[in-house]
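Source file: query18.cif; contents: mmCIF, C-alpha atoms.
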data_upload
#
loop_
_atom_site.label_atom_id
_atom_site.label_comp_id
_atom_site.auth_asym_id
_atom_site.auth_seq_id
_atom_site.Cartn_x
_atom_site.Cartn_y
_atom_site.Cartn_z
CA MET W 1374 60.77 -90.55 -11.11
CA THR W 1375 57.03 -90.84 -10.41
CA ALA W 1376 54.96 -91.89 -13.40
CA PRO W 1377 52.34 -89.33 -14.48
CA LEU W 1378 48.69 -90.04 -13.74
CA ARG W 1379 46.84 -91.02 -16.89
CA ILE W 1380 43.19 -89.99 -17.25
CA ASP W 1381 41.27 -90.84 -20.42
CA GLY W 1382 38.29 -92.82 -21.64
CA GLU W 1383 39.88 -96.10 -20.54
CA THR W 1384 40.67 -95.04 -16.98
CA ALA W 1385 39.37 -97.44 -14.32
CA PHE W 1386 37.36 -95.57 -11.67
CA PHE W 1387 37.65 -96.67 -8.02
CA PRO W 1388 35.43 -94.76 -5.56
CA ILE W 1389 36.13 -94.63 -1.85
CA ILE W 1390 32.83 -94.02 -0.09
CA GLY W 1391 32.24 -92.61 3.36
CA HIS W 1392 30.56 -90.02 5.59
CA PRO W 1393 32.53 -87.88 6.28
CA ILE W 1394 35.13 -88.34 3.57
CA GLY W 1395 37.48 -85.36 3.97
CA GLN W 1396 39.84 -87.26 6.28
CA VAL W 1397 40.83 -89.99 3.80
CA LYS W 1398 44.35 -90.06 2.40
CA SER W 1399 43.95 -93.06 0.14
CA PRO W 1400 42.86 -91.41 -3.14
CA ALA W 1401 46.23 -89.80 -3.86
CA ALA W 1402 48.32 -92.58 -2.34
CA LEU W 1403 46.58 -95.41 -4.17
CA SER W 1404 46.41 -93.48 -7.45
CA ARG W 1405 50.18 -92.91 -7.24
CA ILE W 1406 50.78 -96.63 -6.71
CA MET W 1407 48.66 -97.40 -9.77
CA ALA W 1408 50.49 -94.83 -11.89
CA GLY W 1409 53.82 -96.20 -10.71
CA ARG W 1410 52.77 -99.66 -11.87
CA GLY W 1411 51.70 -98.33 -15.27
CA PHE W 1412 48.05 -99.06 -14.46
CA ASN W 1413 45.43 -96.70 -15.91
CA GLY W 1414 43.24 -96.10 -12.85
CA MET W 1415 42.40 -93.57 -10.18
CA VAL W 1416 40.81 -93.58 -6.73
CA VAL W 1417 38.24 -90.83 -6.09
CA PRO W 1418 36.53 -89.84 -2.80
CA ILE W 1419 32.74 -90.03 -2.85
CA HIS W 1420 30.77 -88.43 -0.01
CA ILE W 1421 27.50 -90.30 0.53
CA LEU W 1422 24.90 -89.62 3.20
CA PRO W 1423 23.83 -92.79 5.06
CA GLU W 1424 20.28 -92.57 3.75
CA ASP W 1425 21.60 -92.49 0.18
CA LEU W 1426 23.84 -95.57 0.41
CA PRO W 1427 21.25 -98.11 -0.87
CA GLY W 1428 20.63 -96.01 -3.97
CA TRP W 1429 24.33 -95.62 -4.68
CA LEU W 1430 24.97 -99.34 -4.33
CA ALA W 1431 22.08 -100.06 -6.65
CA GLN W 1432 23.76 -97.94 -9.34
CA VAL W 1433 27.44 -98.87 -8.96
CA GLY W 1434 26.99 -102.12 -10.87
CA ALA W 1435 26.01 -100.11 -13.94
CA MET W 1436 29.39 -98.29 -13.93
CA GLN W 1437 31.28 -100.60 -16.27
CA ASN W 1438 34.60 -98.82 -15.69
CA CYS W 1439 34.32 -99.35 -11.92
CA PRO W 1440 36.03 -102.68 -11.09
CA GLY W 1441 35.78 -102.09 -7.35
CA PHE W 1442 35.53 -99.61 -4.51
CA ILE W 1443 36.87 -98.93 -1.03
CA VAL W 1444 34.59 -98.48 1.97
CA THR W 1445 35.18 -96.33 5.03
CA VAL W 1446 33.07 -95.20 8.00
CA PRO W 1447 30.16 -95.65 8.47
CA PHE W 1448 29.49 -98.02 5.56
CA LYS W 1449 31.71 -101.01 6.29
CA THR W 1450 28.95 -103.06 7.90
CA PRO W 1451 26.07 -102.02 5.58
CA CYS W 1452 28.17 -102.93 2.51
CA LEU W 1453 28.65 -106.49 3.78
CA GLU W 1454 25.17 -107.45 2.61
CA PHE W 1455 25.90 -106.02 -0.84
CA CYS W 1456 28.63 -108.60 -1.46
CA THR W 1457 27.90 -111.96 -3.05
CA ARG W 1458 31.16 -113.44 -1.65
CA ILE W 1459 33.13 -112.46 1.45
CA THR W 1460 36.29 -113.68 3.15
CA THR W 1461 36.48 -115.31 6.56
CA ARG W 1462 38.02 -112.06 7.81
CA ALA W 1463 35.05 -110.05 6.60
CA ARG W 1464 32.54 -112.53 8.00
CA ALA W 1465 34.24 -112.48 11.39
CA ALA W 1466 34.49 -108.70 11.39
CA GLY W 1467 30.94 -108.23 10.19
CA ALA W 1468 32.23 -105.64 7.74
CA VAL W 1469 34.13 -105.01 4.50
CA ASN W 1470 36.50 -102.22 3.54
CA ILE W 1471 37.12 -103.24 -0.07
CA VAL W 1472 34.70 -104.62 -2.66
CA ILE W 1473 35.82 -106.03 -6.03
CA ARG W 1474 33.68 -106.87 -9.05
CA GLU W 1475 33.98 -110.47 -10.17
CA GLU W 1476 32.02 -112.81 -12.40
CA GLY W 1477 28.58 -113.21 -10.92
CA GLY W 1478 28.75 -110.39 -8.40
CA TRP W 1479 31.00 -108.63 -5.89
CA ALA W 1480 33.63 -109.97 -3.46
CA GLY W 1481 34.34 -108.23 -0.16
CA ASP W 1482 37.25 -108.34 2.26
CA ALA W 1483 38.24 -106.67 5.54
CA THR W 1484 41.92 -105.71 5.33
CA ASP W 1485 41.94 -103.15 8.15
CA GLY W 1486 43.24 -105.69 10.66
CA LEU W 1487 46.11 -106.69 8.38
CA GLY W 1488 47.08 -103.07 7.82
CA TYR W 1489 46.75 -102.09 11.48
CA LEU W 1490 48.90 -104.92 12.83
CA ASP W 1491 51.42 -104.66 10.00
CA GLY W 1492 51.75 -100.96 10.83
CA ILE W 1493 52.31 -101.76 14.50
CA ALA W 1494 54.90 -104.38 13.55
CA ALA W 1495 56.69 -101.82 11.37
CA GLU W 1496 57.14 -99.72 14.52
CA GLY W 1497 58.84 -102.65 16.24
CA PHE W 1498 56.02 -103.91 18.48
CA ASP W 1499 54.90 -107.55 18.55
CA VAL W 1500 51.61 -108.33 20.34
CA ALA W 1501 52.28 -112.07 20.60
CA GLY W 1502 51.94 -113.27 24.18
CA LYS W 1503 50.86 -109.85 25.45
CA PRO W 1504 47.52 -108.43 26.72
CA ALA W 1505 45.74 -105.87 24.55
CA LEU W 1506 42.93 -103.33 24.97
CA LEU W 1507 40.94 -102.27 21.91
CA VAL W 1508 38.45 -99.40 21.96
CA GLY W 1509 35.89 -99.53 19.16
CA THR W 1510 34.14 -102.61 17.79
CA GLY W 1511 32.72 -101.30 14.53
CA GLY W 1512 33.83 -102.48 11.11
CA ALA W 1513 37.50 -101.57 11.43
CA GLY W 1514 37.61 -102.48 15.12
CA SER W 1515 36.17 -105.92 14.51
CA ALA W 1516 38.78 -106.67 11.84
CA ILE W 1517 41.56 -105.33 14.06
CA ALA W 1518 40.34 -107.35 17.04
CA ARG W 1519 40.49 -110.60 15.11
CA GLU W 1520 43.95 -109.86 13.75
CA ILE W 1521 45.26 -109.05 17.25
CA LEU W 1522 44.20 -112.53 18.29
CA VAL W 1523 45.48 -114.19 15.11
CA ARG W 1524 48.87 -112.71 15.91
CA GLY W 1525 48.92 -114.29 19.35
CA ALA W 1526 47.78 -111.75 21.95
CA SER W 1527 47.40 -113.49 25.30
CA GLU W 1528 44.21 -111.56 26.08
CA LEU W 1529 42.03 -109.00 24.32
CA ALA W 1530 39.72 -106.65 26.22
CA LEU W 1531 37.11 -104.81 24.15
CA HIS W 1532 35.39 -101.52 24.94
CA ASP W 1533 32.61 -99.75 23.03
CA ILE W 1534 29.81 -97.42 24.09
CA ASP W 1535 27.58 -99.64 21.93
CA THR W 1536 27.50 -102.50 24.42
CA ALA W 1537 25.36 -104.74 22.23
CA ARG W 1538 27.86 -104.49 19.39
CA ARG W 1539 30.74 -105.04 21.81
CA ASP W 1540 29.15 -108.11 23.38
CA ALA W 1541 28.32 -109.61 19.99
CA LEU W 1542 31.97 -109.30 18.95
CA VAL W 1543 33.20 -110.79 22.24
CA GLU W 1544 30.93 -113.78 21.63
CA ARG W 1545 32.03 -114.21 17.99
CA LEU W 1546 35.72 -114.01 18.82
CA ASN W 1547 35.54 -116.32 21.82
CA ALA W 1548 34.01 -118.94 19.53
CA ASP W 1549 37.28 -118.98 17.55
CA PHE W 1550 39.67 -117.97 20.35
CA PRO W 1551 38.17 -119.51 23.50
CA GLY W 1552 38.77 -117.66 26.75
CA ARG W 1553 40.98 -114.94 25.26
CA VAL W 1554 38.40 -112.17 24.82
CA ARG W 1555 36.56 -110.20 27.49
CA VAL W 1556 34.81 -106.90 28.07
CA GLY W 1557 37.17 -104.02 28.84
CA GLY W 1558 36.94 -100.33 29.68
CA THR W 1559 38.80 -97.08 29.18
CA ASP W 1560 41.51 -97.76 31.79
CA PRO W 1561 44.69 -98.78 29.92
CA ARG W 1562 46.59 -100.05 32.96
CA GLY W 1563 47.92 -103.58 32.61
CA PHE W 1564 47.84 -103.71 28.80
CA ALA W 1565 50.92 -103.90 26.61
CA LEU W 1566 48.94 -102.72 23.56
CA VAL W 1567 46.34 -99.96 23.79
CA ALA W 1568 44.52 -99.61 20.46
CA ASN W 1569 41.94 -97.10 19.30
CA ALA W 1570 39.61 -98.08 16.45
CA THR W 1571 37.10 -95.23 16.87
CA PRO W 1572 36.99 -91.83 15.11
CA LEU W 1573 37.61 -90.06 18.45
CA GLY W 1574 40.28 -87.46 17.88
CA MET W 1575 39.26 -86.66 14.34
CA ARG W 1576 37.20 -83.63 15.41
CA GLU W 1577 38.38 -80.85 17.69
CA GLY W 1578 36.92 -81.30 21.16
CA ASP W 1579 36.46 -85.08 20.90
CA PRO W 1580 36.95 -86.92 24.20
CA LEU W 1581 39.98 -89.19 24.39
CA PRO W 1582 39.20 -92.89 23.89
CA VAL W 1583 41.14 -94.01 26.99
CA GLU W 1584 42.26 -92.53 30.29
CA VAL W 1585 45.61 -91.24 29.07
CA GLU W 1586 46.72 -90.19 32.55
CA HIS W 1587 47.26 -93.91 33.26
CA LEU W 1588 49.53 -94.55 30.26
CA VAL W 1589 53.13 -95.42 31.08
CA ALA W 1590 56.37 -95.85 29.19
CA GLY W 1591 56.68 -99.35 27.79
CA GLN W 1592 53.12 -99.53 26.53
CA PHE W 1593 52.40 -99.29 22.81
CA VAL W 1594 49.50 -97.07 21.71
CA SER W 1595 47.97 -97.18 18.22
CA ASP W 1596 45.20 -95.27 16.46
CA VAL W 1597 43.11 -95.42 13.30
CA VAL W 1598 42.73 -91.63 13.05
CA THR W 1599 44.68 -90.19 10.11
CA ARG W 1600 43.73 -86.52 10.47
CA PRO W 1601 45.21 -84.78 12.35
CA ALA W 1602 48.49 -86.49 11.50
CA VAL W 1603 49.24 -86.82 15.22
CA PRO W 1604 45.87 -87.50 16.89
CA PRO W 1605 45.37 -86.37 20.50
CA LEU W 1606 45.67 -89.95 21.79
CA ILE W 1607 49.03 -90.41 20.08
CA GLU W 1608 50.23 -87.01 21.31
CA ALA W 1609 49.37 -87.96 24.90
CA ALA W 1610 50.97 -91.40 24.52
CA ARG W 1611 54.21 -89.91 23.23
CA ALA W 1612 54.26 -87.50 26.16
CA ALA W 1613 54.02 -90.53 28.45
CA GLY W 1614 56.95 -92.24 26.72
CA CYS W 1615 54.90 -94.89 24.90
CA GLY W 1616 55.67 -96.37 21.52
CA THR W 1617 53.04 -95.24 19.01
CA MET W 1618 51.45 -95.72 15.60
CA PRO W 1619 49.06 -93.09 14.25
CA GLY W 1620 46.45 -93.93 11.63
CA SER W 1621 48.79 -93.11 8.78
CA GLY W 1622 50.89 -96.11 9.76
CA MET W 1623 47.90 -98.40 9.33
CA PHE W 1624 47.11 -97.08 5.88
CA ASP W 1625 50.71 -97.04 4.68
CA ALA W 1626 51.02 -100.70 5.65
CA GLN W 1627 48.01 -101.80 3.63
CA ALA W 1628 48.22 -99.34 0.71
CA VAL W 1629 50.01 -101.75 -1.61
CA LEU W 1630 47.63 -104.56 -0.71
CA LEU W 1631 44.58 -102.39 -1.45
CA ALA W 1632 46.04 -101.11 -4.71
CA GLU W 1633 46.90 -104.60 -5.93
CA LEU W 1634 43.41 -105.85 -5.10
CA LEU W 1635 41.87 -102.96 -7.02
CA MET W 1636 44.18 -103.49 -9.99
CA GLY W 1637 43.48 -107.23 -10.06
CA VAL W 1638 47.09 -108.16 -9.31
CA ARG W 1639 45.77 -110.03 -6.27
CA ARG W 1640 42.43 -111.76 -5.82
CA ILE W 1641 40.27 -111.49 -2.75
CA GLU W 1642 40.65 -114.78 -0.92
CA ASP W 1643 41.17 -116.15 2.60
#
As a first step, turn the structure in this file into structure tokens.
Amino acid sequence: MTAPLRIDGETAFFPIIGHPIGQVKSPAALSRIMAGRGFNGMVVPIHILPEDLPGWLAQVGAMQNCPGFIVTVPFKTPCLEFCTRITTRARAAGAVNIVIREEGGWAGDATDGLGYLDGIAAEGFDVAGKPALLVGTGGAGSAIAREILVRGASELALHDIDTARRDALVERLNADFPGRVRVGGTDPRGFALVANATPLGMREGDPLPVEVEHLVAGQFVSDVVTRPAVPPLIEAARAAGCGTMPGSGMFDAQAVLLAELLMGVRRIED
């Protein structure tokens, strides 16, 4: 039986900030995990315009019942500078997706890569020793790219319409994983893993992130998009006979980790 959600004057308040924010599934899922653990807390979506982010961050420290918050697009990189301590993952990604209050300031981590690859693993695919293509090198993409390499991909090709951002990530990753990272494109041929880390597919009429006509059975295709439940990329990949993971798989895999960090059961650390 699911424990009831408790809301009173002692409830811990955990915002998830983004623009847009309607696509997020984490408020209900994380609040249910907290209730199930007997923890008096709730996760609430907060829609912030980019120009208003500095003002919101300046005020969040005054919210004494806010022990931390979750960050989604497009604030993962801007919130990095807000943190007084960050993990190696966050530094390498150039972004954070969770920020926790601690003595003397705020600690930030980038767990998107852990969730994304754990979700892929849950579907039975192992990237070790295989070539991968990743589209999108923003906050989530940077964290995912590093985790793909940590888990042993033989090669990682990166594509982004923001070529400066792409090239900066290629350089950062090659410093830690020499010779395994290069610039890629939208052609998925030759890659065992084809991964999307952009919002493409979230809005009706979005272009597809890769040339899906070149997908073949045996490839594994993954996506960060959680709404619609089956994004256009995943729909096309399934039609081609590929193994798949939609964005919900990524979040499900890291939901417990995020909840435990927010509740203080785990501490942000490398």
Nearest residue to Ala1495 of chain W from the set W:Gly1591, W:Gly1391, W:Pro1619, W:Gly1637 (distances using all atoms listed in the file):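 Residue with the minimum atom-to-atom distance to Ala1495 of chain W: W:Pro1619.
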Nearest residue to Val1594 of chain W out of W:Glu1424, W:Glu1608, W:Glu1642, W:Glu1528, using all atoms listed in the file?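 When distances to Val1594 of chain W are compared using all atoms listed in the file, the smallest one comes from W:Glu1608.
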Under the PyMOL selection byres ((chain W and resi 1609) around 12), which residues of this model are included? Write them out as number ranges by chain. W: 1574, 1581-1590, 1593-1596, 1603-1608, 1610-1617, 1619
Each residue of segment 1472-1506 of chain W with at least one atom at most 9 Å from segment 1425-1440 of chain W should appear once, together with its nearest atom pair and the corresponding distance in Å (one decimal); atoms considered: all atoms listed in the file; ordering: chain, then increasing residue number; output as a Markdown table.
| residue | atom | partner | partner_atom | distance |
| --- | --- | --- | --- | --- |
| W:Val1472 | CA | W:Pro1440 | CA | 8.8 |
| W:Ile1473 | CA | W:Pro1440 | CA | 6.1 |
| W:Arg1474 | CA | W:Pro1440 | CA | 5.2 |
| W:Glu1475 | CA | W:Pro1440 | CA | 8.1 |
| W:Gly1478 | CA | W:Gly1434 | CA | 8.8 |
Give me, as a list in words, all polymer residues having an atom no more than 9 Å from Asp1485 of chain W, counting all atoms listed in the file and skipping those fewer than 6 positions away in the same chain. Val1469, Asn1470, Gly1512, Ala1513, Gly1514, Ala1516, Ile1517, Glu1520, Met1623, Phe1624 and Gln1627 of chain W
List as a CSV table (one decimal) with C-alpha atoms, in the frame of the given file: which residues have an atom within 7 Å of (44.3, -93.7, 13.8), counting only C-alpha atoms?
chain,number,residue,atom,x,y,z
W,1569,ASN,CA,41.9,-97.1,19.3
W,1570,ALA,CA,39.6,-98.1,16.4
W,1595,SER,CA,48.0,-97.2,18.2
W,1596,ASP,CA,45.2,-95.3,16.5
W,1597,VAL,CA,43.1,-95.4,13.3
W,1598,VAL,CA,42.7,-91.6,13.0
W,1599,THR,CA,44.7,-90.2,10.1
W,1619,PRO,CA,49.1,-93.1,14.2
W,1620,GLY,CA,46.4,-93.9,11.6
W,1621,SER,CA,48.8,-93.1,8.8
List the residues matched by the PyMOL selection byres ((chain W and resi 1394-1397) around 12) in the displayed structure as a VMD selection string, ordered by chain and then by residue number. chain W and resid 1388 to 1393 1398 to 1403 1416 to 1422 1443 to 1448 1572 1574 to 1576 1597 to 1602 1620 to 1621 1624
Atomic distance atom CA of Thr1559 of chain W - atom CA of Leu1507 of chain W, expressed in Å with one decimal: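 Separation between atom CA of Thr1559 of chain W and atom CA of Leu1507 of chain W: 9.2 Å.
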Could you check the closest approach to Leu1487 of chain W for each of W:Leu1630, W:Ile1459, W:Val1638, W:Ala1548 and tell me which residue wins, using all atoms listed in the file? W:Leu1630
Please write as a ChimeraX atom specification the full residue list that the PyMOL selection byres ((chain W and resi 1533) around 9) yields on this file. /W:1507-1511,1531-1532,1534-1539,1557-1558,1571
Provide the atom CA of Arg1524 of chain W to atom CA of Asp1643 of chain W distance in Å, to one decimal place.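 Computed distance, atom CA of Arg1524 of chain W to atom CA of Asp1643 of chain W, equals 15.8 Å.
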Quick one: of W:Leu1631, W:Leu1522, W:Met1636, W:Leu1566, who's nearest to Thr1484 of chain W, counting all atoms listed in the file? W:Leu1631
Atom CA of Pro1580 of chain W to atom CA of Gly1622 of chain W, straight-line distance in Å: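 Atom CA of Pro1580 of chain W lies 22.1 Å from atom CA of Gly1622 of chain W.
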Counting only C-alpha atoms, find the residues whose atoms lie at most 10 Å from (46.6, -105.0, 24.0) (file coordinates) and write them out as number ranges by chain. W: 1500-1507, 1518, 1521-1522, 1526-1531, 1561, 1563-1568, 1592-1595
